[in-house]
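Enquirer: What follows is query_31.cif; its format and atoms are mmCIF, C-alpha atoms.
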data_structure
loop_
_atom_site.label_atom_id
_atom_site.label_comp_id
_atom_site.auth_asym_id
_atom_site.auth_seq_id
_atom_site.Cartn_x
_atom_site.Cartn_y
_atom_site.Cartn_z
CA MET A 1 17.49 11.62 -20.06
CA GLY A 2 17.29 10.29 -16.49
CA LYS A 3 13.65 11.27 -16.26
CA TRP A 4 12.90 9.74 -19.66
CA PHE A 5 14.38 6.44 -18.58
CA LYS A 6 12.52 6.55 -15.27
CA GLU A 7 9.15 6.95 -17.05
CA PHE A 8 10.13 4.14 -19.41
CA ALA A 9 11.25 1.70 -16.73
CA LYS A 10 8.26 2.10 -14.41
CA GLY A 11 5.91 0.23 -16.76
CA LEU A 12 8.11 -2.84 -16.86
CA VAL A 13 7.96 -3.88 -13.20
CA VAL A 14 6.99 -1.25 -10.62
CA SER A 15 3.71 -0.28 -12.29
CA ASN A 16 3.34 -3.22 -14.61
CA PRO A 17 -0.09 -2.72 -16.22
CA ILE A 18 -1.23 -6.33 -15.79
CA PHE A 19 0.29 -7.52 -12.53
CA VAL A 20 0.32 -4.28 -10.52
CA LEU A 21 -2.34 -1.99 -11.94
CA ALA A 22 -4.61 -4.91 -12.99
CA LEU A 23 -5.61 -3.00 -16.13
CA GLY A 24 -6.36 -4.57 -19.46
CA LEU A 25 -7.04 -7.98 -18.00
CA CYS A 26 -9.51 -9.10 -20.65
CA PRO A 27 -7.02 -9.49 -23.52
CA SER A 28 -4.29 -10.81 -21.24
CA LEU A 29 -6.48 -13.75 -20.30
CA ALA A 30 -8.21 -14.30 -23.61
CA VAL A 31 -5.28 -14.35 -26.03
CA THR A 32 -2.63 -16.05 -23.89
CA ASN A 33 -3.60 -19.58 -24.94
CA SER A 34 -0.67 -19.45 -27.36
CA LEU A 35 2.55 -17.47 -27.58
CA ASP A 36 1.80 -16.34 -31.15
CA ASN A 37 -1.50 -14.77 -30.12
CA ALA A 38 0.11 -13.10 -27.12
CA LEU A 39 2.84 -11.56 -29.30
CA GLY A 40 0.35 -10.42 -31.96
CA MET A 41 -1.86 -8.81 -29.33
CA SER A 42 1.11 -7.11 -27.66
CA ALA A 43 2.32 -5.71 -30.98
CA ALA A 44 -1.13 -4.27 -31.66
CA VAL A 45 -1.41 -2.79 -28.16
CA ILE A 46 2.09 -1.26 -28.28
CA PHE A 47 1.32 0.38 -31.64
CA VAL A 48 -2.02 1.80 -30.49
CA LEU A 49 -0.62 2.91 -27.14
CA LEU A 50 2.35 4.66 -28.74
CA CYS A 51 0.32 6.41 -31.44
CA SER A 52 -2.45 7.51 -29.11
CA ASN A 53 -0.03 8.75 -26.45
CA VAL A 54 1.89 10.75 -29.08
CA LEU A 55 -1.24 12.29 -30.57
CA VAL A 56 -2.80 13.05 -27.19
CA ALA A 57 0.43 14.69 -25.97
CA LEU A 58 0.56 16.79 -29.14
CA ILE A 59 -3.01 18.07 -28.96
CA ARG A 60 -3.29 18.22 -25.18
CA THR A 61 -3.33 22.02 -24.98
CA TRP A 62 -6.11 22.40 -27.57
CA VAL A 63 -8.66 19.92 -26.24
CA ALA A 64 -11.19 21.32 -23.78
CA SER A 65 -11.22 19.20 -20.68
CA ILE A 66 -14.95 18.37 -20.71
CA VAL A 67 -14.74 16.70 -24.13
CA ARG A 68 -11.36 15.08 -23.65
CA ILE A 69 -12.60 11.52 -22.97
CA PRO A 70 -14.69 11.26 -26.17
CA VAL A 71 -11.80 12.79 -28.12
CA PHE A 72 -9.36 10.24 -26.68
CA ILE A 73 -11.75 7.37 -27.43
CA VAL A 74 -12.13 8.43 -31.05
CA ILE A 75 -8.35 8.76 -31.43
CA ILE A 76 -7.84 5.29 -29.95
CA ALA A 77 -10.63 3.74 -32.03
CA THR A 78 -9.05 5.17 -35.19
CA PHE A 79 -5.66 3.60 -34.47
CA VAL A 80 -7.32 0.31 -33.52
CA THR A 81 -9.15 0.27 -36.85
CA MET A 82 -5.83 0.87 -38.62
CA VAL A 83 -4.22 -2.04 -36.79
CA SER A 84 -7.08 -4.39 -37.47
CA LEU A 85 -7.14 -3.57 -41.19
CA THR A 86 -3.36 -4.08 -41.35
CA PHE A 87 -3.59 -7.44 -39.55
CA GLU A 88 -6.44 -8.54 -41.80
CA ALA A 89 -4.37 -7.77 -44.88
CA TYR A 90 -0.93 -9.08 -43.89
CA VAL A 91 -1.43 -11.72 -41.14
CA PRO A 92 -4.94 -13.11 -41.76
CA ALA A 93 -4.37 -16.21 -39.61
CA LEU A 94 -3.48 -14.09 -36.58
CA TYR A 95 -6.39 -11.76 -37.35
CA GLU A 96 -8.78 -14.74 -37.27
CA SER A 97 -7.46 -16.16 -34.02
CA LEU A 98 -7.51 -12.81 -32.21
CA GLY A 99 -11.17 -12.41 -33.26
CA ILE A 100 -13.14 -9.75 -31.44
CA TYR A 101 -10.28 -9.09 -29.03
CA LEU A 102 -8.55 -6.98 -31.69
CA PRO A 103 -11.33 -4.35 -32.00
CA LEU A 104 -11.79 -4.60 -28.24
CA ILE A 105 -8.41 -2.88 -27.76
CA VAL A 106 -10.51 0.29 -27.96
CA VAL A 107 -11.87 -0.32 -24.49
CA ASN A 108 -8.61 -1.65 -23.08
CA CYS A 109 -8.26 0.39 -19.92
CA ILE A 110 -4.47 0.64 -20.25
CA ILE A 111 -4.68 2.80 -23.35
CA LEU A 112 -7.39 5.21 -22.23
CA GLY A 113 -5.83 5.20 -18.77
CA ARG A 114 -2.40 6.26 -20.04
CA ALA A 115 -3.90 8.88 -22.36
CA GLU A 116 -5.88 10.38 -19.49
CA ALA A 117 -3.42 9.97 -16.63
CA PHE A 118 -0.14 10.59 -18.42
CA ALA A 119 -0.10 11.76 -22.04
CA SER A 120 -2.60 14.57 -21.51
CA ARG A 121 -0.37 16.06 -18.79
CA ASN A 122 3.16 15.53 -20.04
CA ARG A 123 5.36 16.56 -22.93
CA LEU A 124 5.81 14.41 -26.01
CA SER A 125 9.12 12.74 -25.17
CA LEU A 126 7.86 11.56 -21.77
CA ALA A 127 4.59 10.35 -23.30
CA VAL A 128 6.63 8.22 -25.73
CA ALA A 129 8.67 6.78 -22.85
CA ASP A 130 5.51 6.02 -20.90
CA ALA A 131 3.85 4.30 -23.88
CA LEU A 132 6.91 2.18 -24.65
CA GLY A 133 7.39 1.19 -21.02
CA MET A 134 3.75 0.33 -20.42
CA GLY A 135 3.53 -1.46 -23.77
CA LEU A 136 6.61 -3.57 -23.10
CA GLY A 137 5.40 -4.28 -19.55
CA PHE A 138 2.11 -5.50 -21.02
CA MET A 139 4.01 -7.65 -23.51
CA LEU A 140 6.25 -9.09 -20.79
CA ALA A 141 3.23 -10.09 -18.70
CA LEU A 142 1.46 -11.64 -21.69
CA ILE A 143 4.56 -13.61 -22.69
CA ILE A 144 5.00 -15.02 -19.16
CA ILE A 145 1.34 -16.11 -18.99
CA ALA A 146 1.31 -17.49 -22.53
CA VAL A 147 4.53 -19.49 -22.12
CA ILE A 148 3.15 -21.17 -18.99
CA ARG A 149 -0.25 -21.86 -20.51
CA GLU A 150 0.99 -23.14 -23.86
CA THR A 151 3.76 -25.30 -22.36
CA LEU A 152 1.53 -27.00 -19.80
CA GLY A 153 -1.59 -27.02 -21.95
CA SER A 154 -0.11 -28.56 -25.08
CA GLY A 155 3.22 -29.97 -23.89
CA SER A 156 5.28 -27.90 -26.28
CA LEU A 157 6.06 -24.30 -27.12
CA SER A 158 6.08 -23.00 -30.66
CA LEU A 159 6.74 -19.63 -32.19
CA PHE A 160 5.20 -18.91 -35.61
CA GLU A 161 4.96 -22.63 -36.53
CA HIS A 162 8.53 -23.21 -35.38
CA VAL A 163 8.63 -25.62 -32.41
CA LEU A 164 10.94 -24.24 -29.71
CA PHE A 165 10.83 -27.30 -27.43
CA SER A 166 8.50 -30.08 -26.46
CA LEU A 167 8.28 -31.90 -23.16
CA PRO A 168 8.47 -35.73 -23.14
CA VAL A 169 5.51 -36.76 -20.96
CA LEU A 170 3.35 -33.65 -21.25
CA LYS A 171 3.34 -33.95 -25.05
CA GLU A 172 1.32 -37.18 -24.86
CA GLN A 173 -0.71 -36.16 -21.82
CA PRO A 174 -1.09 -32.37 -21.91
CA VAL A 175 -2.96 -30.68 -19.06
CA SER A 176 -5.61 -29.18 -21.30
CA LEU A 177 -7.09 -27.34 -18.30
CA PHE A 178 -4.48 -24.66 -18.95
CA LEU A 179 -5.85 -23.95 -22.41
CA LEU A 180 -9.38 -23.61 -21.00
CA PRO A 181 -10.57 -20.22 -19.73
CA ALA A 182 -10.36 -21.57 -16.16
CA GLY A 183 -6.63 -22.22 -16.66
CA ALA A 184 -6.07 -18.56 -17.52
CA PHE A 185 -7.60 -17.42 -14.24
CA LEU A 186 -5.61 -20.05 -12.35
CA VAL A 187 -2.25 -19.09 -13.89
CA ILE A 188 -2.66 -15.33 -13.41
CA GLY A 189 -3.93 -15.77 -9.84
CA LEU A 190 -1.00 -17.97 -8.84
CA LEU A 191 1.50 -15.70 -10.63
CA LEU A 192 0.15 -12.66 -8.77
CA ALA A 193 0.42 -14.46 -5.43
CA ALA A 194 3.95 -15.67 -6.26
CA PHE A 195 5.10 -12.14 -7.24
CA ARG A 196 3.71 -10.78 -3.99
CA ARG A 197 5.39 -13.52 -2.00
CA MET A 198 8.72 -12.75 -3.71
CA GLY A 199 8.24 -9.09 -2.89
CA LEU A 200 8.13 -7.89 -6.51
CA ILE A 201 4.67 -6.46 -5.90
CA LYS A 202 3.31 -4.98 -2.70
CA ASN A 203 0.61 -6.82 -0.74
CA GLU A 204 -2.80 -5.19 -0.54
CA MET B 1 -38.45 -19.33 -31.25
CA SER B 2 -36.08 -22.18 -30.38
CA ASN B 3 -33.39 -20.27 -32.22
CA ILE B 4 -33.89 -17.27 -29.94
CA LEU B 5 -33.73 -19.49 -26.87
CA THR B 6 -30.55 -21.15 -28.12
CA ILE B 7 -28.88 -17.77 -28.57
CA PHE B 8 -30.02 -16.61 -25.13
CA VAL B 9 -28.76 -19.73 -23.33
CA GLY B 10 -25.62 -19.80 -25.43
CA MET B 11 -24.70 -16.24 -24.51
CA ALA B 12 -25.68 -16.57 -20.86
CA LEU B 13 -24.12 -19.92 -19.95
CA ILE B 14 -22.09 -21.63 -22.66
CA ASN B 15 -20.21 -18.57 -23.88
CA ASN B 16 -20.53 -16.72 -20.60
CA PHE B 17 -19.02 -13.29 -21.19
CA VAL B 18 -17.02 -13.15 -17.99
CA LEU B 19 -15.87 -16.70 -17.40
CA VAL B 20 -15.50 -17.99 -20.94
CA LYS B 21 -14.87 -14.90 -23.08
CA PHE B 22 -13.10 -12.80 -20.44
CA LEU B 23 -15.17 -9.71 -21.17
CA GLY B 24 -16.08 -7.24 -18.46
CA LEU B 25 -13.40 -8.44 -16.07
CA CYS B 26 -12.73 -5.00 -14.59
CA PRO B 27 -16.22 -4.64 -13.05
CA PHE B 28 -16.20 -8.37 -12.30
CA PHE B 29 -13.23 -7.95 -9.97
CA GLY B 30 -13.88 -4.33 -9.02
CA VAL B 31 -17.57 -4.36 -8.13
CA SER B 32 -17.99 -7.88 -6.79
CA LYS B 33 -17.10 -7.14 -3.17
CA LYS B 34 -20.69 -6.45 -2.10
CA LEU B 35 -23.81 -8.32 -3.19
CA SER B 36 -26.04 -5.24 -3.58
CA ASN B 37 -23.48 -3.39 -5.73
CA ALA B 38 -23.02 -6.46 -7.90
CA ALA B 39 -26.75 -6.73 -8.51
CA SER B 40 -27.03 -3.03 -9.51
CA MET B 41 -24.06 -3.31 -11.82
CA GLY B 42 -25.44 -6.45 -13.45
CA LEU B 43 -28.77 -4.75 -14.05
CA ALA B 44 -27.20 -1.57 -15.44
CA VAL B 45 -24.94 -3.49 -17.82
CA THR B 46 -27.80 -5.66 -19.10
CA PHE B 47 -29.86 -2.54 -19.76
CA VAL B 48 -27.07 -0.78 -21.68
CA MET B 49 -26.30 -3.94 -23.67
CA PHE B 50 -29.94 -4.23 -24.69
CA LEU B 51 -30.18 -0.57 -25.75
CA ALA B 52 -26.80 -0.65 -27.51
CA SER B 53 -27.80 -3.73 -29.51
CA ALA B 54 -31.13 -2.17 -30.42
CA VAL B 55 -29.44 1.01 -31.66
CA THR B 56 -26.38 -0.46 -33.39
CA TRP B 57 -28.37 -3.02 -35.41
CA PRO B 58 -30.19 -0.47 -37.61
CA ILE B 59 -26.98 1.57 -37.90
CA THR B 60 -25.04 -1.48 -39.10
CA HIS B 61 -27.69 -2.69 -41.54
CA TYR B 62 -29.14 0.57 -42.88
CA ILE B 63 -26.19 2.97 -42.76
CA LEU B 64 -22.83 1.15 -42.62
CA ALA B 65 -23.70 -1.80 -44.89
CA PRO B 66 -25.17 0.22 -47.82
CA LEU B 67 -22.17 2.58 -47.66
CA GLU B 68 -19.81 -0.42 -47.45
CA ALA B 69 -18.26 1.23 -44.42
CA GLU B 70 -18.20 -1.78 -42.10
CA PHE B 71 -14.58 -0.98 -41.23
CA MET B 72 -15.96 2.00 -39.34
CA SER B 73 -18.04 -0.24 -37.07
CA THR B 74 -15.70 -0.19 -34.05
CA VAL B 75 -15.53 3.61 -34.03
CA THR B 76 -19.28 3.89 -34.56
CA TYR B 77 -20.21 1.39 -31.85
CA ILE B 78 -18.03 2.97 -29.19
CA LEU B 79 -19.49 6.41 -29.95
CA VAL B 80 -23.03 5.02 -29.82
CA ILE B 81 -22.35 3.34 -26.49
CA ALA B 82 -20.73 6.45 -24.98
CA THR B 83 -23.64 8.64 -26.10
CA LEU B 84 -26.22 6.13 -24.93
CA VAL B 85 -24.69 5.85 -21.49
CA GLN B 86 -24.58 9.64 -21.16
CA ILE B 87 -28.22 10.04 -22.24
CA MET B 88 -29.34 7.25 -19.96
CA GLU B 89 -27.50 8.80 -17.04
CA LEU B 90 -29.27 12.14 -17.58
CA PHE B 91 -32.64 10.47 -18.13
CA ILE B 92 -32.47 8.30 -15.01
CA MET B 93 -31.19 11.25 -12.95
CA ARG B 94 -34.21 13.37 -13.93
CA THR B 95 -36.89 10.71 -13.73
CA ASN B 96 -35.91 8.31 -10.96
CA TYR B 97 -33.36 9.68 -8.55
CA GLY B 98 -33.52 6.62 -6.30
CA LEU B 99 -32.43 4.36 -9.15
CA TYR B 100 -29.79 6.90 -10.18
CA SER B 101 -28.14 6.89 -6.79
CA ALA B 102 -28.42 3.10 -6.67
CA PHE B 103 -26.43 2.84 -9.91
CA GLY B 104 -23.93 5.42 -8.64
CA ILE B 105 -20.76 5.71 -10.67
CA TYR B 106 -21.25 2.33 -12.30
CA LEU B 107 -23.33 3.86 -15.05
CA ALA B 108 -20.48 6.08 -16.22
CA LEU B 109 -18.03 3.21 -15.98
CA ILE B 110 -20.08 1.11 -18.38
CA THR B 111 -18.76 3.06 -21.38
CA THR B 112 -15.38 1.38 -21.03
CA ASN B 113 -16.86 -1.99 -20.12
CA CYS B 114 -15.66 -4.28 -22.87
CA ALA B 115 -18.67 -6.56 -22.43
CA VAL B 116 -20.98 -3.92 -23.94
CA LEU B 117 -18.80 -3.28 -26.99
CA GLY B 118 -18.24 -7.04 -27.10
CA VAL B 119 -21.92 -7.86 -27.47
CA THR B 120 -22.38 -5.39 -30.35
CA LEU B 121 -19.30 -6.81 -32.10
CA VAL B 122 -20.52 -10.40 -31.62
CA ASN B 123 -23.95 -9.46 -33.01
CA ALA B 124 -22.30 -7.98 -36.11
CA ARG B 125 -19.90 -10.90 -36.59
CA GLU B 126 -22.60 -13.56 -36.26
CA SER B 127 -24.88 -11.44 -38.50
CA PHE B 128 -27.80 -11.85 -36.12
CA SER B 129 -31.24 -10.55 -37.06
CA PHE B 130 -32.73 -7.71 -35.01
CA ILE B 131 -34.62 -10.03 -32.63
CA GLU B 132 -31.62 -12.37 -32.36
CA SER B 133 -29.40 -9.40 -31.45
CA LEU B 134 -31.75 -8.44 -28.65
CA ALA B 135 -31.83 -12.03 -27.38
CA SER B 136 -28.05 -12.20 -27.46
CA ALA B 137 -27.79 -8.90 -25.56
CA LEU B 138 -30.21 -10.10 -22.89
CA GLY B 139 -28.41 -13.44 -22.64
CA ALA B 140 -25.00 -11.82 -22.32
CA GLY B 141 -26.35 -9.41 -19.71
CA ALA B 142 -28.05 -12.17 -17.73
CA GLY B 143 -24.87 -14.25 -17.77
CA PHE B 144 -22.81 -11.26 -16.65
CA ALA B 145 -25.23 -10.44 -13.82
CA LEU B 146 -25.38 -14.09 -12.75
CA VAL B 147 -21.64 -14.59 -12.31
CA LEU B 148 -21.26 -11.13 -10.74
CA VAL B 149 -23.83 -12.05 -8.09
CA ILE B 150 -22.33 -15.52 -7.50
CA MET B 151 -18.86 -14.00 -7.23
CA SER B 152 -19.94 -11.31 -4.77
CA GLY B 153 -21.62 -13.91 -2.57
CA ILE B 154 -18.40 -15.93 -2.47
CA ARG B 155 -16.27 -12.86 -1.82
CA GLU B 156 -18.45 -11.74 1.07
CA ARG B 157 -17.74 -15.12 2.66
CA LEU B 158 -14.04 -14.94 1.74
CA GLY B 159 -13.79 -11.65 3.63
CA MET B 160 -14.34 -13.57 6.85
CA SER B 161 -11.84 -16.34 6.19
CA ASP B 162 -8.16 -16.48 6.96
CA ILE B 163 -6.28 -16.13 3.70
CA PRO B 164 -2.44 -16.08 3.37
CA LYS B 165 -1.20 -12.50 3.10
CA SER B 166 0.12 -12.72 -0.45
CA MET B 167 -3.12 -14.34 -1.67
CA LYS B 168 -5.43 -11.66 -0.28
CA GLY B 169 -7.57 -9.60 -2.63
CA LEU B 170 -7.00 -10.08 -6.33
CA PRO B 171 -5.06 -13.39 -6.39
CA VAL B 172 -7.69 -15.30 -4.44
CA ALA B 173 -10.43 -13.69 -6.53
CA PHE B 174 -8.69 -15.08 -9.63
CA LEU B 175 -8.60 -18.56 -8.10
CA VAL B 176 -12.32 -18.35 -7.28
CA ALA B 177 -12.93 -17.27 -10.88
CA ALA B 178 -10.90 -20.28 -12.06
CA LEU B 179 -13.13 -22.67 -10.11
CA LEU B 180 -16.27 -20.91 -11.35
CA GLY B 181 -14.89 -21.09 -14.89
CA LEU B 182 -14.29 -24.80 -14.51
CA ALA B 183 -17.90 -25.22 -13.40
CA PHE B 184 -19.14 -23.17 -16.37
CA SER B 185 -17.02 -25.19 -18.81
CA GLY B 186 -19.44 -28.02 -17.98
CA PHE B 187 -22.03 -26.14 -20.06
CA SER B 188 -19.93 -26.34 -23.23
CA GLY B 189 -21.44 -28.47 -25.94
CA MET B 190 -24.89 -28.24 -24.37
CA VAL B 191 -26.53 -26.70 -27.46
#
Translate the structure described by the file into structure tokens.

Expert:
Amino acid sequence: MGKWFKEFAKGLVVSNPIFVLALGLCPSLAVTNSLDNALGMSAAVIFVLLCSNVLVALIRTWVASIVRIPVFIVIIATFVTMVSLTFEAYVPALYESLGIYLPLIVVNCIILGRAEAFASRNRLSLAVADALGMGLGFMLALIIIAVIRETLGSGSLSLFEHVLFSLPVLKEQPVSLFLLPAGAFLVIGLLLAAFRRMGLIKNE
Amino acid sequence: MSNILTIFVGMALINNFVLVKFLGLCPFFGVSKKLSNAASMGLAVTFVMFLASAVTWPITHYILAPLEAEFMSTVTYILVIATLVQIMELFIMRTNYGLYSAFGIYLALITTNCAVLGVTLVNARESFSFIESLASALGAGAGFALVLVIMSGIRERLGMSDIPKSMKGLPVAFLVAALLGLAFSGFSGMV
């Protein structure tokens, strides 16, 4: 149980996929213009990561090592297709706003990276812990970035059409730079520097 | 003809893959430390994008569409790209070893470059014609190569400057990307 928890907890802070490993940056920048998109993306990534880690851990002894990468990619692509069909059917608005970033989960380095580096070498229970930890770490990073960008960029924060709070001055004069692509780079760069300064992440 | 040009400029500058659509960020930050590497990577990616678009277009329109199997497109595209990269690697290794060693490991890395899958997905979503797909692939590749080269030039200079310890490496690269992105947002609404 101790080992299970250790594998789970590492993804949250110590090897956070976004801030420490710098993997899967594309979606974390592209979909963090609103909290809804960030949560939708995280849900999709957690599902794909969990399913692919489980399947890879189950079949790891049968797959010859020279063909393992193509096998992993096909497994991942299958789960991604399942997620995108589900989103299209049940949450069409979210599906539209995630756009091509939903199918692009296939090439998200976190998922292939975990399949290759962890799930193909460890037993099922640890692979589940790793997937959940990494997935939640990804979600945590996305939520932090999205909350900052949406709050500063539109002056208020809303969750599924339900306004959580709105700021008095920023509401009239939002800093729309934060909703632009440039704002995404700015926020993640400053966050990384701040985390290093606080000692949460090691300096290079 | 003007249509083709619009698509090319649109993909290269207005919807720049790296700075506006956030595609291909891993090589953008990983390979942009040296100018020569950045140029090779840009060239290799453009080439694979062009080939991938040329191959996936007939597959989409003559195989997937008649079978009404468009939901399979993501799986199909990624397999096509992986195969293509592998074939290209073998071909270049046999025919032009100088070029092969210039590309180095970047060729293999292109399979998981989201910019390549991205361009095939954009082509399918916008339902571009064959020629338009090729123009969009070339535009996306040119835009990718352009910002990669600009970025590597800046980072070579940054290497010599005195940067606070916690900003070194990735954080400052992100800030540079933010400024570049701001500059590129000036292109929006041009077409």

Enquirer: Kindly provide, as a ChimeraX atom specification, the polymer residues lying within 7 Å of (8.0, 4.2, -19.8), counting all atoms listed in the file and using the coordinates exactly as they appear in the file.

Expert: /A:5-11,129-134

Enquirer: Taking C-alpha atoms for each residue, export the selection above as a PDB file, in the coordinates of the input.

Expert:
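The result, stored in again_33.pdb:
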ATOM      1  CA  PHE A   5      14.380   6.440 -18.580  1.00  0.00           C
ATOM      2  CA  LYS A   6      12.520   6.550 -15.270  1.00  0.00           C
ATOM      3  CA  GLU A   7       9.150   6.950 -17.050  1.00  0.00           C
ATOM      4  CA  PHE A   8      10.130   4.140 -19.410  1.00  0.00           C
ATOM      5  CA  ALA A   9      11.250   1.700 -16.730  1.00  0.00           C
ATOM      6  CA  LYS A  10       8.260   2.100 -14.410  1.00  0.00           C
ATOM      7  CA  GLY A  11       5.910   0.230 -16.760  1.00  0.00           C
ATOM      8  CA  ALA A 129       8.670   6.780 -22.850  1.00  0.00           C
ATOM      9  CA  ASP A 130       5.510   6.020 -20.900  1.00  0.00           C
ATOM     10  CA  ALA A 131       3.850   4.300 -23.880  1.00  0.00           C
ATOM     11  CA  LEU A 132       6.910   2.180 -24.650  1.00  0.00           C
ATOM     12  CA  GLY A 133       7.390   1.190 -21.020  1.00  0.00           C
ATOM     13  CA  MET A 134       3.750   0.330 -20.420  1.00  0.00           C
TER      14      MET A 134
END

Enquirer: Quick check on the file I pasted: which residues fall under the PyMOL selection byres ((chain B) within 10 of (chain A))? Write them as a compact mmCIF listing (two decimals) with C-alpha atoms, keeping the file's coordinate frame.

Expert:
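Heads up, here's the output in out-v7.txt:
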# COMPACT_ATOMS: atom_id res chain seq x y z
CA VAL B 18 -17.02 -13.15 -17.99
CA LEU B 19 -15.87 -16.70 -17.40
CA VAL B 20 -15.50 -17.99 -20.94
CA LYS B 21 -14.87 -14.90 -23.08
CA PHE B 22 -13.10 -12.80 -20.44
CA LEU B 23 -15.17 -9.71 -21.17
CA GLY B 24 -16.08 -7.24 -18.46
CA LEU B 25 -13.40 -8.44 -16.07
CA CYS B 26 -12.73 -5.00 -14.59
CA PHE B 29 -13.23 -7.95 -9.97
CA PHE B 71 -14.58 -0.98 -41.23
CA MET B 72 -15.96 2.00 -39.34
CA SER B 73 -18.04 -0.24 -37.07
CA THR B 74 -15.70 -0.19 -34.05
CA VAL B 75 -15.53 3.61 -34.03
CA THR B 76 -19.28 3.89 -34.56
CA TYR B 77 -20.21 1.39 -31.85
CA ILE B 78 -18.03 2.97 -29.19
CA LEU B 79 -19.49 6.41 -29.95
CA ALA B 82 -20.73 6.45 -24.98
CA THR B 83 -23.64 8.64 -26.10
CA THR B 111 -18.76 3.06 -21.38
CA THR B 112 -15.38 1.38 -21.03
CA ASN B 113 -16.86 -1.99 -20.12
CA CYS B 114 -15.66 -4.28 -22.87
CA ALA B 115 -18.67 -6.56 -22.43
CA VAL B 116 -20.98 -3.92 -23.94
CA LEU B 117 -18.80 -3.28 -26.99
CA GLY B 118 -18.24 -7.04 -27.10
CA VAL B 119 -21.92 -7.86 -27.47
CA LEU B 121 -19.30 -6.81 -32.10
CA VAL B 122 -20.52 -10.40 -31.62
CA ARG B 125 -19.90 -10.90 -36.59
CA PRO B 164 -2.44 -16.08 3.37
CA LYS B 165 -1.20 -12.50 3.10
CA SER B 166 0.12 -12.72 -0.45
CA MET B 167 -3.12 -14.34 -1.67
CA LYS B 168 -5.43 -11.66 -0.28
CA GLY B 169 -7.57 -9.60 -2.63
CA LEU B 170 -7.00 -10.08 -6.33
CA PRO B 171 -5.06 -13.39 -6.39
CA VAL B 172 -7.69 -15.30 -4.44
CA ALA B 173 -10.43 -13.69 -6.53
CA PHE B 174 -8.69 -15.08 -9.63
CA LEU B 175 -8.60 -18.56 -8.10
CA VAL B 176 -12.32 -18.35 -7.28
CA ALA B 177 -12.93 -17.27 -10.88
CA ALA B 178 -10.90 -20.28 -12.06
CA LEU B 179 -13.13 -22.67 -10.11
CA LEU B 180 -16.27 -20.91 -11.35
CA GLY B 181 -14.89 -21.09 -14.89
CA LEU B 182 -14.29 -24.80 -14.51
CA ALA B 183 -17.90 -25.22 -13.40
CA PHE B 184 -19.14 -23.17 -16.37
CA SER B 185 -17.02 -25.19 -18.81

Enquirer: Do you have the atom CA of Val20 of chain A-atom CA of Val83 of chain A distance handy?

Expert: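 Distance between the two atoms: 26.8 Å.
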
Enquirer: Might you spell out which residues the PyMOL selection byres ((chain B and resi 11-15) around 10) would select in the displayed file, as a PyMOL selection string?

Expert: chain B and resi 5-10+16-22+119+135-147+184-191

Enquirer: Report, in Å to a single decimal, how far apart atom CA of Leu98 of chain A and atom CA of Gln173 of chain A are.

Expert: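 Pair atom CA of Gln173 of chain A / atom CA of Leu98 of chain A returns 26.4 Å.
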
Enquirer: Apply the PyMOL selection byres ((chain A and resi 128) around 12) to the file shown and report the selected residues as an NGL selection string.

Expert: :A and (4-5 or 7-8 or 46-58 or 114-115 or 118-120 or 122-127 or 129-135)

Enquirer: Write the selection just made, keeping C-alpha atoms, as a compact mmCIF listing (two decimals), in the frame of the given file?

Expert:
# COMPACT_ATOMS: atom_id res chain seq x y z
CA TRP A 4 12.90 9.74 -19.66
CA PHE A 5 14.38 6.44 -18.58
CA GLU A 7 9.15 6.95 -17.05
CA PHE A 8 10.13 4.14 -19.41
CA ILE A 46 2.09 -1.26 -28.28
CA PHE A 47 1.32 0.38 -31.64
CA VAL A 48 -2.02 1.80 -30.49
CA LEU A 49 -0.62 2.91 -27.14
CA LEU A 50 2.35 4.66 -28.74
CA CYS A 51 0.32 6.41 -31.44
CA SER A 52 -2.45 7.51 -29.11
CA ASN A 53 -0.03 8.75 -26.45
CA VAL A 54 1.89 10.75 -29.08
CA LEU A 55 -1.24 12.29 -30.57
CA VAL A 56 -2.80 13.05 -27.19
CA ALA A 57 0.43 14.69 -25.97
CA LEU A 58 0.56 16.79 -29.14
CA ARG A 114 -2.40 6.26 -20.04
CA ALA A 115 -3.90 8.88 -22.36
CA PHE A 118 -0.14 10.59 -18.42
CA ALA A 119 -0.10 11.76 -22.04
CA SER A 120 -2.60 14.57 -21.51
CA ASN A 122 3.16 15.53 -20.04
CA ARG A 123 5.36 16.56 -22.93
CA LEU A 124 5.81 14.41 -26.01
CA SER A 125 9.12 12.74 -25.17
CA LEU A 126 7.86 11.56 -21.77
CA ALA A 127 4.59 10.35 -23.30
CA ALA A 129 8.67 6.78 -22.85
CA ASP A 130 5.51 6.02 -20.90
CA ALA A 131 3.85 4.30 -23.88
CA LEU A 132 6.91 2.18 -24.65
CA GLY A 133 7.39 1.19 -21.02
CA MET A 134 3.75 0.33 -20.42
CA GLY A 135 3.53 -1.46 -23.77

Enquirer: Do you have the atom CA of Ser154 of chain A-atom CA of Pro174 of chain A distance handy?

Expert: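 Spanning atom CA of Ser154 of chain A to atom CA of Pro174 of chain A is a straight-line distance of 5.1 Å.
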
Enquirer: From the set A:Pro17, A:Pro168, A:Gly2, A:Gly137, which residue has the shortest atom-to-atom contact distance to Leu152 of chain A, counting only C-alpha atoms?

Expert: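 That would be A:Pro168, the residue with the smallest distance to Leu152 of chain A.
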
Enquirer: With only C-alpha atoms as the counted atoms, please give the residues lying no more than 9 Å from Tyr95 of chain A, apart from itself and same-chain residues fewer than 6 positions off, as a short mmCIF file (atom, residue, chain, number, x, y, z; two decimals) with C-alpha atoms, keeping the file's coordinate frame.

Expert:
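Produced file selection23.cif, reproduced below:
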data_model
loop_
_atom_site.label_atom_id
_atom_site.label_comp_id
_atom_site.auth_asym_id
_atom_site.auth_seq_id
_atom_site.Cartn_x
_atom_site.Cartn_y
_atom_site.Cartn_z
CA GLY A 40 0.35 -10.42 -31.96
CA SER A 84 -7.08 -4.39 -37.47
CA PHE A 87 -3.59 -7.44 -39.55
CA GLU A 88 -6.44 -8.54 -41.80
CA ALA A 89 -4.37 -7.77 -44.88
CA LEU A 102 -8.55 -6.98 -31.69
#
